[in-house]
file data_5.cif (mmCIF, C-alpha atoms and all ligand atoms)
data_data
#
loop_
_atom_site.group_PDB
_atom_site.id
_atom_site.type_symbol
_atom_site.label_atom_id
_atom_site.label_comp_id
_atom_site.auth_asym_id
_atom_site.auth_seq_id
_atom_site.Cartn_x
_atom_site.Cartn_y
_atom_site.Cartn_z
ATOM 1 C CA MET C 21 -11.027 -17.464 -15.455
ATOM 2 C CA GLU C 22 -9.154 -16.604 -12.313
ATOM 3 C CA THR C 23 -7.201 -19.863 -12.309
ATOM 4 C CA GLU C 24 -6.041 -19.312 -15.882
ATOM 5 C CA ARG C 25 -4.587 -15.894 -15.126
ATOM 6 C CA LEU C 26 -0.845 -15.883 -15.741
ATOM 7 C CA ILE C 27 1.661 -15.504 -12.927
ATOM 8 C CA TRP C 28 5.441 -14.994 -12.934
ATOM 9 C CA PHE C 29 6.630 -17.828 -10.694
ATOM 10 C CA LYS C 30 10.252 -18.806 -10.137
ATOM 11 C CA GLU C 31 11.333 -17.333 -13.493
ATOM 12 C CA GLU C 32 8.526 -18.907 -15.494
ATOM 13 C CA ILE C 33 5.214 -17.530 -16.733
ATOM 14 C CA ILE C 34 2.503 -20.082 -15.905
ATOM 15 C CA PRO C 35 -1.237 -20.237 -15.040
ATOM 16 C CA VAL C 36 -1.727 -19.276 -11.391
ATOM 17 C CA SER C 37 -3.320 -22.681 -10.661
ATOM 18 C CA GLN C 38 0.033 -24.331 -11.403
ATOM 19 C CA ALA C 39 2.081 -22.111 -9.087
ATOM 20 C CA LYS C 40 2.671 -24.339 -6.044
ATOM 21 C CA ILE C 41 4.671 -23.698 -2.878
ATOM 22 C CA ASN C 42 5.375 -26.562 -0.469
ATOM 23 C CA VAL C 43 3.720 -26.494 2.961
ATOM 24 C CA LEU C 44 7.040 -26.667 4.792
ATOM 25 C CA ALA C 45 8.548 -23.643 3.059
ATOM 26 C CA PRO C 46 9.379 -20.878 5.571
ATOM 27 C CA THR C 47 7.047 -18.555 3.634
ATOM 28 C CA SER C 48 4.120 -20.952 4.207
ATOM 29 C CA GLN C 49 4.932 -21.651 7.843
ATOM 30 C CA PHE C 50 6.166 -18.319 9.179
ATOM 31 C CA GLY C 51 5.306 -15.636 6.629
ATOM 32 C CA VAL C 52 8.965 -15.221 5.592
ATOM 33 C CA ASN C 53 8.358 -13.083 2.542
ATOM 34 C CA VAL C 54 8.559 -9.434 1.568
ATOM 35 C CA PHE C 55 6.199 -7.963 -0.959
ATOM 36 C CA GLU C 56 4.768 -4.959 -2.749
ATOM 37 C CA GLY C 57 1.247 -4.155 -3.881
ATOM 38 C CA ILE C 58 1.507 -2.056 -7.032
ATOM 39 C CA ARG C 59 -1.453 -0.573 -8.866
ATOM 40 C CA CYS C 60 -1.753 -0.146 -12.620
ATOM 41 C CA TYR C 61 -4.394 2.246 -13.952
ATOM 42 C CA TRP C 62 -6.103 1.903 -17.319
ATOM 43 C CA ASN C 63 -6.425 5.094 -19.410
ATOM 44 C CA GLU C 64 -9.314 4.546 -21.802
ATOM 45 C CA GLU C 65 -8.516 7.528 -24.019
ATOM 46 C CA LYS C 66 -4.886 6.583 -24.552
ATOM 47 C CA GLU C 67 -5.644 2.826 -24.493
ATOM 48 C CA GLN C 68 -2.734 2.481 -22.123
ATOM 49 C CA LEU C 69 -2.145 0.814 -18.754
ATOM 50 C CA TYR C 70 0.161 2.731 -16.400
ATOM 51 C CA ALA C 71 2.033 1.302 -13.410
ATOM 52 C CA PHE C 72 2.126 4.005 -10.747
ATOM 53 C CA LYS C 73 5.439 4.726 -8.995
ATOM 54 C CA LEU C 74 6.953 1.404 -10.012
ATOM 55 C CA THR C 75 10.496 2.599 -9.270
ATOM 56 C CA GLU C 76 9.562 3.543 -5.709
ATOM 57 C CA HIS C 77 7.866 0.161 -5.146
ATOM 58 C CA ILE C 78 10.822 -1.835 -6.469
ATOM 59 C CA ASN C 79 13.219 0.199 -4.338
ATOM 60 C CA ARG C 80 11.111 -0.453 -1.243
ATOM 61 C CA LEU C 81 11.030 -4.175 -2.068
ATOM 62 C CA ILE C 82 14.837 -4.175 -2.232
ATOM 63 C CA ASN C 83 15.011 -2.332 1.111
ATOM 64 C CA SER C 84 12.610 -4.802 2.744
ATOM 65 C CA ALA C 85 14.760 -7.696 1.463
ATOM 66 C CA LYS C 86 17.878 -6.008 2.854
ATOM 67 C CA ILE C 87 16.433 -5.516 6.345
ATOM 68 C CA MET C 88 15.271 -9.157 6.400
ATOM 69 C CA ASP C 89 18.835 -10.188 5.427
ATOM 70 C CA PHE C 90 17.692 -11.964 2.270
ATOM 71 C CA ASP C 91 20.294 -12.820 -0.370
ATOM 72 C CA LEU C 92 18.592 -11.159 -3.313
ATOM 73 C CA LYS C 93 19.782 -12.620 -6.594
ATOM 74 C CA TYR C 94 17.907 -10.063 -8.737
ATOM 75 C CA ASP C 95 18.832 -6.448 -9.447
ATOM 76 C CA PHE C 96 16.506 -3.480 -9.900
ATOM 77 C CA ASN C 97 16.191 -3.904 -13.669
ATOM 78 C CA PHE C 98 15.390 -7.597 -13.437
ATOM 79 C CA LEU C 99 12.718 -6.938 -10.796
ATOM 80 C CA LYS C 100 11.200 -4.201 -12.941
ATOM 81 C CA ASN C 101 11.361 -6.050 -16.259
ATOM 82 C CA SER C 102 9.822 -9.197 -14.760
ATOM 83 C CA PHE C 103 6.958 -7.051 -13.489
ATOM 84 C CA LEU C 104 6.403 -5.586 -16.953
ATOM 85 C CA ASP C 105 6.642 -9.035 -18.617
ATOM 86 C CA ILE C 106 3.883 -10.589 -16.530
ATOM 87 C CA VAL C 107 1.486 -7.644 -16.705
ATOM 88 C CA ARG C 108 1.900 -7.577 -20.514
ATOM 89 C CA ALA C 109 1.449 -11.353 -20.750
ATOM 90 C CA ASN C 110 -2.049 -11.037 -19.245
ATOM 91 C CA ASN C 111 -3.032 -8.293 -21.689
ATOM 92 C CA PHE C 112 -5.109 -6.432 -19.090
ATOM 93 C CA LYS C 113 -7.200 -3.457 -20.188
ATOM 94 C CA GLU C 114 -8.523 -2.506 -16.756
ATOM 95 C CA ASP C 115 -7.268 -1.315 -13.375
ATOM 96 C CA ILE C 116 -5.255 -4.006 -11.633
ATOM 97 C CA THR C 117 -3.137 -4.579 -8.554
ATOM 98 C CA VAL C 118 0.083 -6.532 -8.798
ATOM 99 C CA ARG C 119 1.550 -8.466 -5.874
ATOM 100 C CA GLN C 120 5.323 -8.817 -6.255
ATOM 101 C CA THR C 121 6.658 -11.117 -3.566
ATOM 102 C CA LEU C 122 10.101 -12.435 -2.625
ATOM 103 C CA PHE C 123 9.608 -15.567 -0.552
ATOM 104 C CA LEU C 124 11.740 -18.065 1.317
ATOM 105 C CA ASP C 125 11.226 -21.433 -0.301
ATOM 106 C CA GLY C 126 12.711 -24.868 0.492
ATOM 107 C CA PHE C 127 12.532 -26.906 3.677
ATOM 108 C CA GLY C 128 14.406 -24.642 6.106
ATOM 109 C CA SER C 129 13.191 -22.781 9.144
ATOM 110 C CA TRP C 130 12.378 -19.115 9.786
ATOM 111 C CA SER C 131 16.123 -18.473 10.119
ATOM 112 C CA SER C 132 17.233 -20.171 6.893
ATOM 113 C CA LYS C 133 18.852 -18.043 4.200
ATOM 114 C CA GLY C 134 17.482 -19.598 1.058
ATOM 115 C CA PRO C 135 16.439 -20.424 -1.516
ATOM 116 C CA LEU C 136 14.850 -17.012 -2.056
ATOM 117 C CA GLU C 137 12.312 -17.075 -4.887
ATOM 118 C CA MET C 138 9.868 -14.618 -6.423
ATOM 119 C CA PHE C 139 6.335 -14.543 -7.731
ATOM 120 C CA ILE C 140 4.544 -11.655 -9.426
ATOM 121 C CA ALA C 141 0.766 -11.964 -9.542
ATOM 122 C CA PRO C 142 -1.476 -9.398 -11.284
ATOM 123 C CA ILE C 143 -4.986 -9.274 -9.832
ATOM 124 C CA PRO C 144 -7.953 -7.300 -11.245
ATOM 125 C CA LYS C 145 -9.082 -5.245 -8.272
ATOM 126 C CA GLY C 146 -11.675 -2.596 -7.565
ATOM 127 C CA ARG C 147 -11.934 -0.208 -4.663
ATOM 128 C CA PRO C 148 -11.953 -1.645 -1.110
ATOM 129 C CA TYR C 149 -14.946 0.494 -0.023
ATOM 130 C CA ASP C 150 -17.899 1.440 -2.208
ATOM 131 C CA LYS C 151 -19.177 4.357 -0.102
ATOM 132 C CA ILE C 152 -18.301 7.987 0.559
ATOM 133 C CA GLY C 153 -16.276 7.262 3.669
ATOM 134 C CA ILE C 154 -15.610 4.814 6.472
ATOM 135 C CA ASP C 155 -16.040 4.418 10.230
ATOM 136 C CA CYS C 156 -12.890 3.677 12.225
ATOM 137 C CA CYS C 157 -11.977 2.931 15.801
ATOM 138 C CA VAL C 158 -8.707 3.250 17.642
ATOM 139 C CA SER C 159 -7.460 -0.292 18.039
ATOM 140 C CA SER C 160 -6.959 -1.928 21.408
ATOM 141 C CA PHE C 161 -3.975 -3.648 19.778
ATOM 142 C CA GLU C 162 -0.713 -1.700 19.672
ATOM 143 C CA ARG C 163 1.129 -1.226 16.362
ATOM 144 C CA ILE C 164 4.330 -3.252 16.046
ATOM 145 C CA ASN C 165 7.472 -1.157 16.371
ATOM 146 C CA ASP C 166 10.946 -0.841 14.928
ATOM 147 C CA ASN C 167 12.588 -2.714 17.817
ATOM 148 C CA SER C 168 10.345 -5.759 17.549
ATOM 149 C CA LEU C 169 8.979 -6.237 14.031
ATOM 150 C CA SER C 170 9.537 -3.106 11.995
ATOM 151 C CA PRO C 171 6.501 -1.657 10.194
ATOM 152 C CA ARG C 172 9.036 -0.149 7.761
ATOM 153 C CA VAL C 173 9.488 -3.633 6.295
ATOM 154 C CA LYS C 174 6.710 -4.956 4.098
ATOM 155 C CA VAL C 175 7.106 -8.485 5.429
ATOM 156 C CA GLY C 176 4.169 -10.899 5.365
ATOM 157 C CA ALA C 177 4.393 -11.628 9.097
ATOM 158 C CA ASN C 178 3.704 -7.942 9.958
ATOM 159 C CA TYR C 179 0.190 -8.371 8.677
ATOM 160 C CA MET C 180 -0.742 -10.544 11.652
ATOM 161 C CA ASN C 181 -0.733 -7.358 13.735
ATOM 162 C CA SER C 182 -2.844 -5.727 10.998
ATOM 163 C CA ARG C 183 -5.191 -8.715 11.002
ATOM 164 C CA LEU C 184 -5.835 -8.579 14.751
ATOM 165 C CA GLY C 185 -6.570 -4.851 14.679
ATOM 166 C CA HIS C 186 -8.738 -4.956 11.579
ATOM 167 C CA LEU C 187 -10.814 -7.997 12.562
ATOM 168 C CA GLU C 188 -11.432 -6.635 16.054
ATOM 169 C CA ALA C 189 -12.677 -3.389 14.484
ATOM 170 C CA VAL C 190 -15.007 -5.215 12.085
ATOM 171 C CA LYS C 191 -16.365 -7.416 14.904
ATOM 172 C CA ASN C 192 -17.238 -4.239 16.786
ATOM 173 C CA GLY C 193 -19.100 -2.713 13.835
ATOM 174 C CA TYR C 194 -16.391 -0.462 12.349
ATOM 175 C CA ASP C 195 -14.895 -0.634 8.867
ATOM 176 C CA THR C 196 -11.320 -0.753 10.097
ATOM 177 C CA ALA C 197 -8.921 0.337 12.811
ATOM 178 C CA ILE C 198 -6.341 3.031 13.467
ATOM 179 C CA PHE C 199 -3.377 1.889 15.556
ATOM 180 C CA LEU C 200 -1.506 3.765 18.258
ATOM 181 C CA ASN C 201 2.212 2.996 18.558
ATOM 182 C CA ASN C 202 4.164 2.059 21.685
ATOM 183 C CA GLN C 203 4.485 5.788 22.503
ATOM 184 C CA LYS C 204 0.658 5.928 22.497
ATOM 185 C CA LYS C 205 0.702 8.244 19.453
ATOM 186 C CA VAL C 206 -1.311 7.647 16.279
ATOM 187 C CA SER C 207 0.602 5.464 13.809
ATOM 188 C CA GLU C 208 -1.373 4.051 10.848
ATOM 189 C CA GLY C 209 -4.167 1.756 9.690
ATOM 190 C CA PRO C 210 -3.750 -2.013 9.152
ATOM 191 C CA GLY C 211 -2.822 -1.432 5.495
ATOM 192 C CA SER C 212 -2.791 2.320 5.046
ATOM 193 C CA CYS C 213 -1.398 5.589 6.415
ATOM 194 C CA ILE C 214 -3.434 8.348 8.021
ATOM 195 C CA PHE C 215 -3.759 12.082 7.514
ATOM 196 C CA ILE C 216 -5.883 14.477 9.528
ATOM 197 C CA ILE C 217 -6.743 18.066 8.654
ATOM 198 C CA ARG C 218 -6.890 20.766 11.315
ATOM 199 C CA ASP C 219 -7.227 24.453 10.464
ATOM 200 C CA GLU C 220 -6.592 23.781 6.759
ATOM 201 C CA LYS C 221 -3.286 22.025 7.552
ATOM 202 C CA LEU C 222 -2.564 18.468 6.548
ATOM 203 C CA ILE C 223 -1.040 16.545 9.464
ATOM 204 C CA THR C 224 0.449 13.052 9.305
ATOM 205 C CA PRO C 225 2.655 11.034 11.678
ATOM 206 C CA PRO C 226 6.387 10.996 10.800
ATOM 207 C CA VAL C 227 8.065 7.936 9.268
ATOM 208 C CA THR C 228 9.454 7.144 12.746
ATOM 209 C CA ALA C 229 5.954 6.741 14.262
ATOM 210 C CA SER C 230 5.776 2.966 13.563
ATOM 211 C CA ILE C 231 4.456 3.223 10.026
ATOM 212 C CA LEU C 232 5.280 1.812 6.638
ATOM 213 C CA GLU C 233 7.159 4.356 4.511
ATOM 214 C CA SER C 234 4.110 4.655 2.321
ATOM 215 C CA ILE C 235 4.513 5.709 -1.286
ATOM 216 C CA THR C 236 1.006 7.202 -1.350
ATOM 217 C CA ARG C 237 1.666 9.163 1.846
ATOM 218 C CA GLN C 238 4.767 10.745 0.313
ATOM 219 C CA ASN C 239 2.901 11.405 -2.922
ATOM 220 C CA ILE C 240 0.117 13.202 -1.041
ATOM 221 C CA ILE C 241 2.662 15.326 0.841
ATOM 222 C CA ASP C 242 4.276 16.271 -2.488
ATOM 223 C CA ILE C 243 0.961 17.065 -4.244
ATOM 224 C CA ALA C 244 -0.276 19.136 -1.286
ATOM 225 C CA LYS C 245 2.898 21.191 -1.092
ATOM 226 C CA SER C 246 3.727 21.730 -4.736
ATOM 227 C CA ASP C 247 0.402 21.582 -6.549
ATOM 228 C CA LEU C 248 -2.394 22.476 -4.155
ATOM 229 C CA ASN C 249 -0.631 24.931 -1.872
ATOM 230 C CA ILE C 250 -1.771 23.128 1.278
ATOM 231 C CA ASP C 251 0.510 23.232 4.355
ATOM 232 C CA VAL C 252 1.770 19.847 5.486
ATOM 233 C CA VAL C 253 3.087 19.009 8.932
ATOM 234 C CA GLU C 254 4.729 15.686 9.765
ATOM 235 C CA ARG C 255 4.411 15.311 13.528
ATOM 236 C CA ASP C 256 3.048 13.051 16.239
ATOM 237 C CA ILE C 257 -0.738 12.966 16.519
ATOM 238 C CA ASP C 258 -2.519 12.407 19.842
ATOM 239 C CA ARG C 259 -5.559 10.155 20.020
ATOM 240 C CA THR C 260 -7.945 12.949 21.010
ATOM 241 C CA GLU C 261 -6.872 15.043 18.021
ATOM 242 C CA LEU C 262 -8.671 12.408 15.956
ATOM 243 C CA TYR C 263 -11.906 13.419 17.715
ATOM 244 C CA ILE C 264 -11.642 17.137 16.920
ATOM 245 C CA CYS C 265 -10.065 17.196 13.463
ATOM 246 C CA ASP C 266 -11.922 18.769 10.515
ATOM 247 C CA GLU C 267 -11.184 15.965 8.052
ATOM 248 C CA ALA C 268 -9.359 12.632 8.110
ATOM 249 C CA PHE C 269 -8.467 10.080 5.492
ATOM 250 C CA LEU C 270 -6.592 6.822 5.080
ATOM 251 C CA CYS C 271 -4.303 6.392 2.103
ATOM 252 C CA GLY C 272 -2.344 3.668 0.397
ATOM 253 C CA THR C 273 -1.933 1.891 -2.891
ATOM 254 C CA ALA C 274 -5.058 -0.227 -2.317
ATOM 255 C CA MET C 275 -6.943 2.326 -0.177
ATOM 256 C CA GLU C 276 -6.052 5.233 -2.510
ATOM 257 C CA ILE C 277 -7.610 8.177 -0.614
ATOM 258 C CA THR C 278 -10.526 7.096 1.583
ATOM 259 C CA SER C 279 -12.361 9.617 3.764
ATOM 260 C CA VAL C 280 -12.901 8.746 7.413
ATOM 261 C CA LEU C 281 -16.337 9.880 8.630
ATOM 262 C CA THR C 282 -16.188 8.819 12.277
ATOM 263 C CA ILE C 283 -13.494 7.703 14.723
ATOM 264 C CA ASP C 284 -14.583 5.900 17.914
ATOM 265 C CA ARG C 285 -18.083 7.130 16.919
ATOM 266 C CA TYR C 286 -16.979 10.788 17.139
ATOM 267 C CA ALA C 287 -17.988 12.667 13.973
ATOM 268 C CA VAL C 288 -15.061 13.824 11.870
ATOM 269 C CA GLY C 289 -15.964 17.356 10.711
ATOM 270 C CA ASN C 290 -19.508 17.154 9.375
ATOM 271 C CA LYS C 291 -19.202 13.452 8.456
ATOM 272 C CA SER C 292 -18.709 14.189 4.769
ATOM 273 C CA LYS C 293 -15.924 13.547 2.274
ATOM 274 C CA GLY C 294 -14.112 16.730 3.321
ATOM 275 C CA LYS C 295 -13.176 19.670 1.101
ATOM 276 C CA LEU C 296 -9.381 19.299 1.088
ATOM 277 C CA THR C 297 -9.601 15.514 0.988
ATOM 278 C CA GLU C 298 -11.773 15.787 -2.107
ATOM 279 C CA GLN C 299 -9.340 18.198 -3.753
ATOM 280 C CA LEU C 300 -6.470 15.808 -3.102
ATOM 281 C CA ARG C 301 -8.455 12.810 -4.313
ATOM 282 C CA GLU C 302 -9.412 14.482 -7.586
ATOM 283 C CA PHE C 303 -5.819 15.439 -8.278
ATOM 284 C CA TYR C 304 -4.578 11.973 -7.280
ATOM 285 C CA PHE C 305 -6.885 10.123 -9.685
ATOM 286 C CA LYS C 306 -5.985 12.373 -12.595
ATOM 287 C CA MET C 307 -2.319 11.835 -11.823
ATOM 288 C CA VAL C 308 -2.387 8.040 -11.566
ATOM 289 C CA ARG C 309 -4.429 7.670 -14.744
ATOM 290 C CA GLY C 310 -2.035 9.789 -16.807
ATOM 291 C CA LYS C 311 -4.465 12.684 -17.208
ATOM 292 C CA LEU C 312 -2.102 15.394 -15.983
ATOM 293 C CA LYS C 313 0.770 16.850 -17.939
ATOM 294 C CA ASN C 314 4.181 16.918 -16.195
ATOM 295 C CA TYR C 315 3.593 13.776 -14.132
ATOM 296 C CA ASP C 316 4.695 11.203 -16.689
ATOM 297 C CA GLN C 317 7.835 10.427 -14.725
ATOM 298 C CA PHE C 318 5.713 8.583 -12.116
ATOM 299 C CA LEU C 319 3.970 6.395 -14.687
ATOM 300 C CA THR C 320 5.416 3.371 -16.453
ATOM 301 C CA PRO C 321 3.425 2.508 -19.603
ATOM 302 C CA ILE C 322 2.874 -1.238 -19.861
ATOM 303 C CA TYR C 323 2.164 -1.478 -23.591
HETATM 304 N N1 LIG C 401 0.786 0.971 5.855
HETATM 305 C C1 LIG C 401 0.654 -0.346 5.703
HETATM 306 C C2 LIG C 401 0.748 -1.225 6.894
HETATM 307 C C3 LIG C 401 0.416 -0.892 4.435
HETATM 308 O O1 LIG C 401 0.282 -2.210 4.266
HETATM 309 C C4 LIG C 401 0.286 -0.032 3.326
HETATM 310 C C5 LIG C 401 -0.014 -0.601 1.959
HETATM 311 N N2 LIG C 401 1.140 -0.944 1.276
HETATM 312 C C6 LIG C 401 0.441 1.340 3.529
HETATM 313 C C7 LIG C 401 0.688 1.812 4.815
HETATM 314 C C8 LIG C 401 0.394 2.285 2.374
HETATM 315 O O2 LIG C 401 1.588 2.157 1.639
HETATM 316 P P1 LIG C 401 1.628 2.484 0.088
HETATM 317 O O3 LIG C 401 1.131 3.856 -0.039
HETATM 318 O O4 LIG C 401 3.071 2.408 -0.267
HETATM 319 O O5 LIG C 401 0.796 1.479 -0.582
#

call {"tool": "encode", "arguments": {"input": "data_5.cif", "output": "structure tokens"}}
result
Amino acid sequence: METERLIWFKEEIIPVSQAKINVLAPTSQFGVNVFEGIRCYWNEEKEQLYAFKLTEHINRLINSAKIMDFDLKYDFNFLKNSFLDIVRANNFKEDITVRQTLFLDGFGSWSSKGPLEMFIAPIPKGRPYDKIGIDCCVSSFERINDNSLSPRVKVGANYMNSRLGHLEAVKNGYDTAIFLNNQKKVSEGPGSCIFIIRDEKLITPPVTASILESITRQNIIDIAKSDLNIDVVERDIDRTELYICDEAFLCGTAMEITSVLTIDRYAVGNKSKGKLTEQLREFYFKMVRGKLKNYDQFLTPIY
């Protein structure tokens, strides 16, 4: 039962149905919270659940809290051990996503400093799209930028920009949107980063292009360079490059590696999964499930 699933909530492990936040808390009213979505992959053969890149996620959570000027009472080890405690408590033997959130509680306003609390909620979760690839449009909404609301911070309020872009795309018959930034260059999706492939080169916007410093994006850059011998270029991407690229995909913890088949109804390559994208995806899934030697350092066994 979903409501009986256990959640780590304000230093207690309780059923999720009992985890209550008051309506006047700044997190409820203004989205004053920073969070991570962390996937754990079940390896049937080893009967083990692995958290993927947990260290990187916890470090990004700490950075988000710092930028938002939160007084974080927990250190790295506490944040990590609490994560492990709650995943173990649920005894999952399947792929899951875990939402680890630091939120502003109490009765203050958007500018109040505390109390800062945490919840960690594991959620069984499949793949967002059950098809070979997706149709995207370039959003008429502009991506938020570092001088207004930084996309580098994984703060709840940022997702209102994501929401507008994504829902507009869906209303117009697309699966999701790709944002341009305030320089009119390609930035990212509502909850994912983007790569295109031109002439066998992997191209992705730099971390200064109004994007989240995505853990999956960096992982793909590393795999491409060191394991698959694919050239990677981090540079600005123009909108019309999206229309003439050979392959394109969105990536992220939830999105994993999802092929893009059309953009603004222009066919991407021959509207298939894409050869290099498929190579990367195969490698990625072996890696996250603990099926490759020499990649153990990115996996934290839960049991
Ligand atoms: N951009 C945005 C806006 C996101 O929400 C996400 C998902 N966390 C990503 C990119 C991908 O980041 P990651 O690979 O770290 O999940």

call {"tool": "resolve_selection", "arguments": {"input": "data_5.cif", "expression": "the PyMOL selection byres (((not hetatm)) within 8 of (chain C and resi 401))", "output": "PyMOL selection string"}}
result
chain C and resi 56-58+77+171+174+178-179+182+208-213+231-238+271-276

call {"tool": "write_last_selection", "arguments": {"input": "data_5.cif", "atoms": "C-alpha atoms", "output": "compact mmCIF listing (two decimals), keeping the file's coordinate frame"}}
result
# COMPACT_ATOMS: atom_id res chain seq x y z
CA GLU C 56 4.77 -4.96 -2.75
CA GLY C 57 1.25 -4.16 -3.88
CA ILE C 58 1.51 -2.06 -7.03
CA HIS C 77 7.87 0.16 -5.15
CA PRO C 171 6.50 -1.66 10.19
CA LYS C 174 6.71 -4.96 4.10
CA ASN C 178 3.70 -7.94 9.96
CA TYR C 179 0.19 -8.37 8.68
CA SER C 182 -2.84 -5.73 11.00
CA GLU C 208 -1.37 4.05 10.85
CA GLY C 209 -4.17 1.76 9.69
CA PRO C 210 -3.75 -2.01 9.15
CA GLY C 211 -2.82 -1.43 5.50
CA SER C 212 -2.79 2.32 5.05
CA CYS C 213 -1.40 5.59 6.42
CA ILE C 231 4.46 3.22 10.03
CA LEU C 232 5.28 1.81 6.64
CA GLU C 233 7.16 4.36 4.51
CA SER C 234 4.11 4.66 2.32
CA ILE C 235 4.51 5.71 -1.29
CA THR C 236 1.01 7.20 -1.35
CA ARG C 237 1.67 9.16 1.85
CA GLN C 238 4.77 10.74 0.31
CA CYS C 271 -4.30 6.39 2.10
CA GLY C 272 -2.34 3.67 0.40
CA THR C 273 -1.93 1.89 -2.89
CA ALA C 274 -5.06 -0.23 -2.32
CA MET C 275 -6.94 2.33 -0.18
CA GLU C 276 -6.05 5.23 -2.51

call {"tool": "closest_residue", "arguments": {"input": "data_5.cif", "among": "C:Phe98, C:Phe318, C:Trp62, C:Phe269", "to": "Lys295 of chain C", "atoms": "all atoms listed in the file"}}
result
C:Phe269

call {"tool": "residues_around", "arguments": {"input": "data_5.cif", "residues": "Leu124 of chain C", "least_positions_apart": "3", "cutoff": "10 Å", "atoms": "only C-alpha atoms", "output": "mmCIF file with C-alpha atoms, in the frame of the given file"}}
result
data_model
loop_
_atom_site.group_PDB
_atom_site.id
_atom_site.type_symbol
_atom_site.label_atom_id
_atom_site.label_comp_id
_atom_site.auth_asym_id
_atom_site.auth_seq_id
_atom_site.Cartn_x
_atom_site.Cartn_y
_atom_site.Cartn_z
ATOM 1 C CA ILE C 41 4.671 -23.698 -2.878
ATOM 2 C CA ALA C 45 8.548 -23.643 3.059
ATOM 3 C CA PRO C 46 9.379 -20.878 5.571
ATOM 4 C CA THR C 47 7.047 -18.555 3.634
ATOM 5 C CA SER C 48 4.120 -20.952 4.207
ATOM 6 C CA PHE C 50 6.166 -18.319 9.179
ATOM 7 C CA GLY C 51 5.306 -15.636 6.629
ATOM 8 C CA VAL C 52 8.965 -15.221 5.592
ATOM 9 C CA ASN C 53 8.358 -13.083 2.542
ATOM 10 C CA VAL C 54 8.559 -9.434 1.568
ATOM 11 C CA PHE C 90 17.692 -11.964 2.270
ATOM 12 C CA THR C 121 6.658 -11.117 -3.566
ATOM 13 C CA PHE C 127 12.532 -26.906 3.677
ATOM 14 C CA GLY C 128 14.406 -24.642 6.106
ATOM 15 C CA SER C 129 13.191 -22.781 9.144
ATOM 16 C CA TRP C 130 12.378 -19.115 9.786
ATOM 17 C CA SER C 131 16.123 -18.473 10.119
ATOM 18 C CA SER C 132 17.233 -20.171 6.893
ATOM 19 C CA LYS C 133 18.852 -18.043 4.200
ATOM 20 C CA GLY C 134 17.482 -19.598 1.058
ATOM 21 C CA PRO C 135 16.439 -20.424 -1.516
ATOM 22 C CA LEU C 136 14.850 -17.012 -2.056
ATOM 23 C CA GLU C 137 12.312 -17.075 -4.887
ATOM 24 C CA MET C 138 9.868 -14.618 -6.423
#

call {"tool": "resolve_selection", "arguments": {"input": "data_5.cif", "expression": "the PyMOL selection byres (((chain C and resi 30) around 9) and not hetatm)", "output": "PyMOL selection string"}}
result
chain C and resi 28-29+31-33+39+137-139

call {"tool": "write_last_selection", "arguments": {"input": "data_5.cif", "atoms": "C-alpha atoms", "output": "PDB file, in the coordinates of the input"}}
result
ATOM      1  CA  TRP C  28       5.441 -14.994 -12.934  1.00  0.00           C
ATOM      2  CA  PHE C  29       6.630 -17.828 -10.694  1.00  0.00           C
ATOM      3  CA  GLU C  31      11.333 -17.333 -13.493  1.00  0.00           C
ATOM      4  CA  GLU C  32       8.526 -18.907 -15.494  1.00  0.00           C
ATOM      5  CA  ILE C  33       5.214 -17.530 -16.733  1.00  0.00           C
ATOM      6  CA  ALA C  39       2.081 -22.111  -9.087  1.00  0.00           C
ATOM      7  CA  GLU C 137      12.312 -17.075  -4.887  1.00  0.00           C
ATOM      8  CA  MET C 138       9.868 -14.618  -6.423  1.00  0.00           C
ATOM      9  CA  PHE C 139       6.335 -14.543  -7.731  1.00  0.00           C
TER      10      PHE C 139
END

call {"tool": "atom_distance", "arguments": {"input": "data_5.cif", "atom1": "atom CA of Pro321 of chain C", "atom2": "atom CA of Arg25 of chain C"}}
result
20.6 Å

call {"tool": "residues_around", "arguments": {"input": "data_5.cif", "residues": "Lys113 of chain C", "least_positions_apart": "3", "cutoff": "12 Å", "atoms": "all atoms listed in the file", "output": "PyMOL selection string"}}
result
chain C and resi 60-70+107-110+116+144+322-323

call {"tool": "closest_residue", "arguments": {"input": "data_5.cif", "among": "C:Gly310, C:Pro225, C:Pro148, C:Gly185", "to": "Ile164 of chain C", "atoms": "only C-alpha atoms"}}
result
C:Gly185

call {"tool": "closest_residue", "arguments": {"input": "data_5.cif", "among": "C:Lys100, C:Arg59, C:Arg301, C:Arg172", "to": "Ser84 of chain C", "atoms": "all atoms listed in the file"}}
result
C:Arg172

call {"tool": "residues_around", "arguments": {"input": "data_5.cif", "residues": "Ser160 of chain C", "least_positions_apart": "5", "cutoff": "12 Å", "atoms": "all atoms listed in the file", "output": "PyMOL selection string"}}
result
chain C and resi 181-182+184-189+192+197-202+204+284

call {"tool": "resolve_selection", "arguments": {"input": "data_5.cif", "expression": "the PyMOL selection byres (((chain C and resi 239-246) around 10) and not hetatm)", "output": "list of chain:residue names"}}
result
C:Lys73, C:Phe215, C:Lys221, C:Leu222, C:Ile223, C:Thr224, C:Ser234, C:Ile235, C:Thr236, C:Arg237, C:Gln238, C:Asp247, C:Leu248, C:Asn249, C:Ile250, C:Asp251, C:Val252, C:Val253, C:Glu254, C:Cys271, C:Gly272, C:Ile277, C:Leu296, C:Gln299, C:Leu300, C:Arg301, C:Phe303, C:Tyr304, C:Met307

call {"tool": "atom_distance", "arguments": {"input": "data_5.cif", "atom1": "atom CA of Asp219 of chain C", "atom2": "atom CA of Val288 of chain C"}}
result
13.3 Å

call {"tool": "atom_distance", "arguments": {"input": "data_5.cif", "atom1": "atom CA of Gly176 of chain C", "atom2": "atom CA of Phe123 of chain C"}}
result
9.3 Å
